[in-house]
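Chemist: Below: one structure in structure tokens.
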There are 2 protein chains.
Amino acid sequence: MAVDRDHVLRSAAALLTRKATATMDEVAKAAGISRATLHRQFAGRDALVRALESLGIAECVAALDAADLDNGSASDAVRRLVRAIEPAAGLLAFLYTENQLYEGEEINPGWTAIDDRIAALFRRGQLGGEFRIDLTPAWLTEALFGLMASGAWMVQSGKGAPRDFHHMIVGLLLGGALRREES
Amino acid sequence: MAVDRDHVLRSAAALLTRKATATMDEVAKAAGISRATLHRQFAGRDALVRALESLGIAECVAALDAADLDNGSASDAVRRLVRAIEPAAGLLAFLYTENQLYEGEEINPGWTAIDDRIAALFRRGQLGGEFRIDLTPAWLTEALFGLMASGAWMVQSGKGAPRDFHHMIVGLLLGGALRREES
DNA sequence: CGCACGTGAGACAGCGATGTCTCATTCAGG
DNA sequence: CCTGAATGAGACATCGCTGTCTCACGTGCG
């Protein structure tokens with residue numbers, strides 16, 4: 001009766017997103033297993049967080065692949081990307097604030113690869129005259145993650161509806177708050 | 001030789017923003033005082049975080065007052081607000097992720113008051129036809145905090161210049177990534 | 001000078017979380 | 001039925017942080 005490792009990771013992600021300081025015991029209970037079994041799967045808390053990081057990276061890469069960023073307008077590519085990455089938003093929101101990963105200056109190269117792909121999308125939009133050029137691709141990438149984290153927290157706290165998540169992120173990221181005459 | 005309480009708080013904010021799990025000993029060393037003195041000033045870690053929260057609220061309120069949100073266009077009011085709140089961005093970024101404050105469901109009423117004032121600004125911009133109405137004031141408020149946190153982290157990590165902070169936040173929040181024909 | 005106050009340094013116990021262990025139980029497969 | 005693998009439950013030692021204490025030192029002040 002092998003433990004469903006993926007289920008454990010997702011339960012941990014859901015719990016840690018709400019309470020980043022949850023103990024191993026709480027994580028185990030949330031996954032419906034004992035602390036002993038949790039330790040058999042993940043050598044320690046650090047290993048668990050690393051596994052969550054790997055899961056988050058994998059989901060990001062999968063979303064990037066699925067979004068097909070090189071085709072069509074950059075705006076549509078952003079919309080597809082947010083749509084594809086939405087299920088992982090909670091996990092990413094947790095990882096986004098877990099700067100402990102960032103501490104040991106041994107950043108997982110997966111993140112930089114993801115950042116590069118998203119930044120390349122924004123750069124493509126800029127070169128095509130679609131996006132403004134006074135905001136750097138690096139900032140737009142960072143802002144995308146920040147907005148997704150904000151959106152995820154807003155949904156989790158009940159202050160926003162899950163169905164509005166995509167429009168909130170994309171609407172603000174692409175269009176901003178100012179009203180447009182045309183559009 | 002009374003300890004400079006404000007200096008201790010700002011040192012703690014700067015450290016905790018980078019490393020949210022810093023120990024009391026690290027906080028004390030960062031402030032240049034001993035752990036004993038730190039404990040004399042703040043009864044415990046919880047009291048320290050609460051003091052930081054009060055400081056953050058106070059700085060937000062001061063910024064809101066200084067920004068004079070009710071005068072002029074809503075866009076200009078947002079610009080003034082971000083300008084005024086910028087010095088406290090690092091502290092706010094820390095508090096924004098310290099959802100432990102949010103845990104005990106005893107949210108400091110100061111935050112809701114601040115949220116209300118900022119949301120009222122966005123609502124004023126919507127009623128005046130300046131801001132789009134398909135994004136709720138609550139979301140715009142949340143996004144403002146999220147973008148400020150992202151911007152603060154970007155500056156702290158060296159990936160962005162402090163001089164660009166204001167333009168990054170305001171430019172994206174108001175205008176979005178899409179290029180405009182006019183303007 | 002002498003006193004009082006605040007500080008730094010260190011010792012100390014307490015606590016919670018961690019990581020490892022053992023043992024009984026359960027379940028699948030031979 | 002028997003066996004083995006995996007799990008749950010709990011005991012256990014350990015570690016790091018916390019909170020409190022004591023004591024010595026230095027500085028400002030009367």
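By order in the structure tokens, chains are A, B, ...; within a chain, residues start at 1; ligands start at 1, following the order shown.
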Identify all chain D residues at most 8 Å from chain A by counting only C-alpha atoms (C1' of nucleotides); ligands do not count. Present them as a PyMOL selection string.
Modeler: chain D and resi 6-8
Chemist: Which residues of chain A come within 12 Å of chain C, and for each one, what is the closest pair of atoms and their distance in Å to one decimal, counting only C-alpha atoms (C1' of nucleotides), sorted by chain and residue number, as JSON lines?
Modeler:
```
{"residue": "A:Met1", "atom": "CA", "partner": "C:DC27", "partner_atom": "C1'", "distance": 7.8}
{"residue": "A:Ala2", "atom": "CA", "partner": "C:DC27", "partner_atom": "C1'", "distance": 11.4}
{"residue": "A:Thr21", "atom": "CA", "partner": "C:DA17", "partner_atom": "C1'", "distance": 11.0}
{"residue": "A:Ala22", "atom": "CA", "partner": "C:DA17", "partner_atom": "C1'", "distance": 10.4}
{"residue": "A:Thr23", "atom": "CA", "partner": "C:DA17", "partner_atom": "C1'", "distance": 7.2}
{"residue": "A:Met24", "atom": "CA", "partner": "C:DA17", "partner_atom": "C1'", "distance": 8.2}
{"residue": "A:Asp25", "atom": "CA", "partner": "C:DA17", "partner_atom": "C1'", "distance": 9.1}
{"residue": "A:Glu26", "atom": "CA", "partner": "C:DA17", "partner_atom": "C1'", "distance": 11.3}
{"residue": "A:Arg35", "atom": "CA", "partner": "C:DG19", "partner_atom": "C1'", "distance": 10.7}
{"residue": "A:Ala36", "atom": "CA", "partner": "C:DT20", "partner_atom": "C1'", "distance": 9.6}
{"residue": "A:Leu38", "atom": "CA", "partner": "C:DG19", "partner_atom": "C1'", "distance": 11.6}
{"residue": "A:His39", "atom": "CA", "partner": "C:DG19", "partner_atom": "C1'", "distance": 8.3}
{"residue": "A:Arg40", "atom": "CA", "partner": "C:DG19", "partner_atom": "C1'", "distance": 10.8}
{"residue": "A:Phe42", "atom": "CA", "partner": "C:DG19", "partner_atom": "C1'", "distance": 11.4}
{"residue": "A:Ala43", "atom": "CA", "partner": "C:DG19", "partner_atom": "C1'", "distance": 8.7}
{"residue": "A:Gly44", "atom": "CA", "partner": "C:DG19", "partner_atom": "C1'", "distance": 7.8}
{"residue": "A:Arg45", "atom": "CA", "partner": "C:DT18", "partner_atom": "C1'", "distance": 8.7}
{"residue": "A:Asp46", "atom": "CA", "partner": "C:DT18", "partner_atom": "C1'", "distance": 11.3}
```
Chemist: May I have the residues of chain A within 7 Å of chain B, counting only C-alpha atoms, written as a list in words?
Modeler: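 Here is what falls inside 7 Å: Thr97, Glu130, Phe131, Arg132, Leu135, Glu142, Ala143, Gly146, Leu147, Ser150, Met168, Leu172, Leu173, Leu174, Gly175, Gly176, Ala177, Leu178 and Arg179 of chain A.
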Chemist: For the alpha helix (DSSP H) assignment from backbone DSSP, which residues of region 4-170 of chain A qualify? Please present them as a PyMOL selection string.
Modeler: chain A and resi 5-18+24-31+35-41+45-67+74-85+89-97+100-103+109-127+137-156+165-170
Chemist: With C-alpha atoms retained, could you export that selection as a short mmCIF file (atom, residue, chain, number, x, y, z; two decimals), in the first residue's frame?
Modeler:
```
data_model
loop_
_atom_site.label_atom_id
_atom_site.label_comp_id
_atom_site.auth_asym_id
_atom_site.auth_seq_id
_atom_site.Cartn_x
_atom_site.Cartn_y
_atom_site.Cartn_z
CA ARG A 5 3.38 10.69 -2.73
CA ASP A 6 1.73 13.18 -5.02
CA HIS A 7 -1.29 13.44 -2.74
CA VAL A 8 0.98 14.07 0.23
CA LEU A 9 2.77 16.84 -1.65
CA ARG A 10 -0.46 18.54 -2.66
CA SER A 11 -1.89 18.33 0.83
CA ALA A 12 1.32 19.78 2.20
CA ALA A 13 1.24 22.54 -0.38
CA ALA A 14 -2.34 23.43 0.50
CA LEU A 15 -1.59 23.50 4.21
CA LEU A 16 1.73 25.30 4.01
CA THR A 17 0.22 27.95 1.78
CA ARG A 18 -2.20 28.79 4.55
CA MET A 24 5.63 17.99 10.27
CA ASP A 25 2.89 16.51 12.42
CA GLU A 26 0.31 18.90 11.02
CA VAL A 27 1.49 18.21 7.50
CA ALA A 28 1.15 14.49 8.11
CA LYS A 29 -2.34 14.83 9.58
CA ALA A 30 -3.40 17.01 6.67
CA ALA A 31 -2.30 14.27 4.28
CA ARG A 35 4.34 11.40 11.03
CA ALA A 36 6.46 8.27 10.75
CA THR A 37 5.28 7.59 7.23
CA LEU A 38 5.82 11.19 6.27
CA HIS A 39 9.39 10.88 7.47
CA ARG A 40 9.81 7.69 5.46
CA GLN A 41 8.80 9.60 2.34
CA ARG A 45 11.23 19.20 6.58
CA ASP A 46 13.89 20.51 4.26
CA ALA A 47 13.47 17.57 1.92
CA LEU A 48 9.72 18.14 1.90
CA VAL A 49 10.10 21.77 0.94
CA ARG A 50 12.59 20.84 -1.74
CA ALA A 51 10.16 18.31 -3.13
CA LEU A 52 7.46 20.97 -3.16
CA GLU A 53 9.86 23.24 -4.99
CA SER A 54 10.49 20.57 -7.59
CA LEU A 55 6.77 20.02 -7.96
CA GLY A 56 6.19 23.71 -8.40
CA ILE A 57 8.90 23.94 -11.02
CA ALA A 58 7.54 20.93 -12.84
CA GLU A 59 4.04 22.40 -12.91
CA CYS A 60 5.38 25.71 -14.15
CA VAL A 61 7.31 24.02 -16.93
CA ALA A 62 4.26 21.97 -17.87
CA ALA A 63 2.15 25.13 -17.94
CA LEU A 64 4.74 26.90 -20.06
CA ASP A 65 4.77 24.03 -22.51
CA ALA A 66 1.00 23.83 -22.62
CA ALA A 67 0.62 27.57 -23.13
CA ALA A 74 1.93 37.87 -26.79
CA SER A 75 -1.23 38.97 -25.02
CA ASP A 76 -2.99 35.73 -25.85
CA ALA A 77 0.07 33.80 -24.80
CA VAL A 78 -0.03 35.52 -21.42
CA ARG A 79 -3.71 34.65 -21.10
CA ARG A 80 -3.02 31.01 -21.90
CA LEU A 81 -0.10 30.96 -19.49
CA VAL A 82 -2.14 32.31 -16.57
CA ARG A 83 -4.89 29.87 -17.40
CA ALA A 84 -2.49 26.95 -17.47
CA ILE A 85 -0.67 27.94 -14.32
CA ALA A 89 -1.13 29.21 -8.05
CA GLY A 90 -1.48 28.22 -4.41
CA LEU A 91 1.68 26.18 -4.45
CA LEU A 92 3.56 28.93 -6.23
CA ALA A 93 2.32 31.50 -3.74
CA PHE A 94 3.82 29.41 -0.97
CA LEU A 95 7.12 28.92 -2.76
CA TYR A 96 7.21 32.60 -3.69
CA THR A 97 7.44 33.60 -0.05
CA GLN A 100 14.55 30.18 2.64
CA LEU A 101 15.00 28.54 -0.74
CA TYR A 102 16.64 31.71 -1.81
CA GLU A 103 18.85 31.90 1.28
CA PRO A 109 18.24 26.53 -11.78
CA GLY A 110 14.72 25.56 -12.74
CA TRP A 111 13.46 28.93 -11.56
CA THR A 112 15.85 30.92 -13.68
CA ALA A 113 14.89 28.83 -16.70
CA ILE A 114 11.22 29.58 -16.02
CA ASP A 115 11.93 33.25 -15.49
CA ASP A 116 13.84 33.34 -18.75
CA ARG A 117 11.01 31.80 -20.72
CA ILE A 118 8.43 34.19 -19.31
CA ALA A 119 10.73 37.17 -19.71
CA ALA A 120 11.30 36.10 -23.33
CA LEU A 121 7.55 36.19 -23.87
CA PHE A 122 7.32 39.74 -22.58
CA ARG A 123 10.32 40.71 -24.67
CA ARG A 124 8.66 39.26 -27.73
CA GLY A 125 5.62 41.35 -27.00
CA GLN A 126 7.77 44.43 -26.67
CA LEU A 127 9.64 43.83 -29.91
CA PRO A 137 10.68 41.96 -18.94
CA ALA A 138 12.24 40.99 -15.61
CA TRP A 139 9.84 43.27 -13.75
CA LEU A 140 6.84 42.08 -15.73
CA THR A 141 7.81 38.51 -14.88
CA GLU A 142 8.19 39.31 -11.22
CA ALA A 143 4.92 41.21 -11.25
CA LEU A 144 3.16 38.25 -12.83
CA PHE A 145 4.25 36.02 -9.98
CA GLY A 146 3.41 38.67 -7.41
CA LEU A 147 -0.07 39.18 -8.81
CA MET A 148 -0.68 35.44 -8.95
CA ALA A 149 0.34 35.14 -5.31
CA SER A 150 -1.92 38.04 -4.35
CA GLY A 151 -4.75 36.55 -6.32
CA ALA A 152 -4.26 33.14 -4.76
CA TRP A 153 -4.33 34.58 -1.24
CA MET A 154 -7.38 36.63 -2.04
CA VAL A 155 -9.20 33.56 -3.24
CA GLN A 156 -8.06 31.49 -0.28
CA PHE A 165 -8.87 34.73 -10.68
CA HIS A 166 -7.88 34.67 -14.33
CA HIS A 167 -9.53 37.95 -15.21
CA MET A 168 -8.11 39.69 -12.17
CA ILE A 169 -4.55 38.73 -13.01
CA VAL A 170 -4.67 39.15 -16.77
#
```
Chemist: What does the distance between CA of Asp4 (chain A) and CA of Ala88 (chain A) come to in Å, to one decimal place?
Modeler: 18.5 Å
Chemist: Rounded to one decimal in Å, what is the spacing between CA of Leu69 (chain B) and CA of Gly128 (chain B)?
Modeler: 13.9 Å
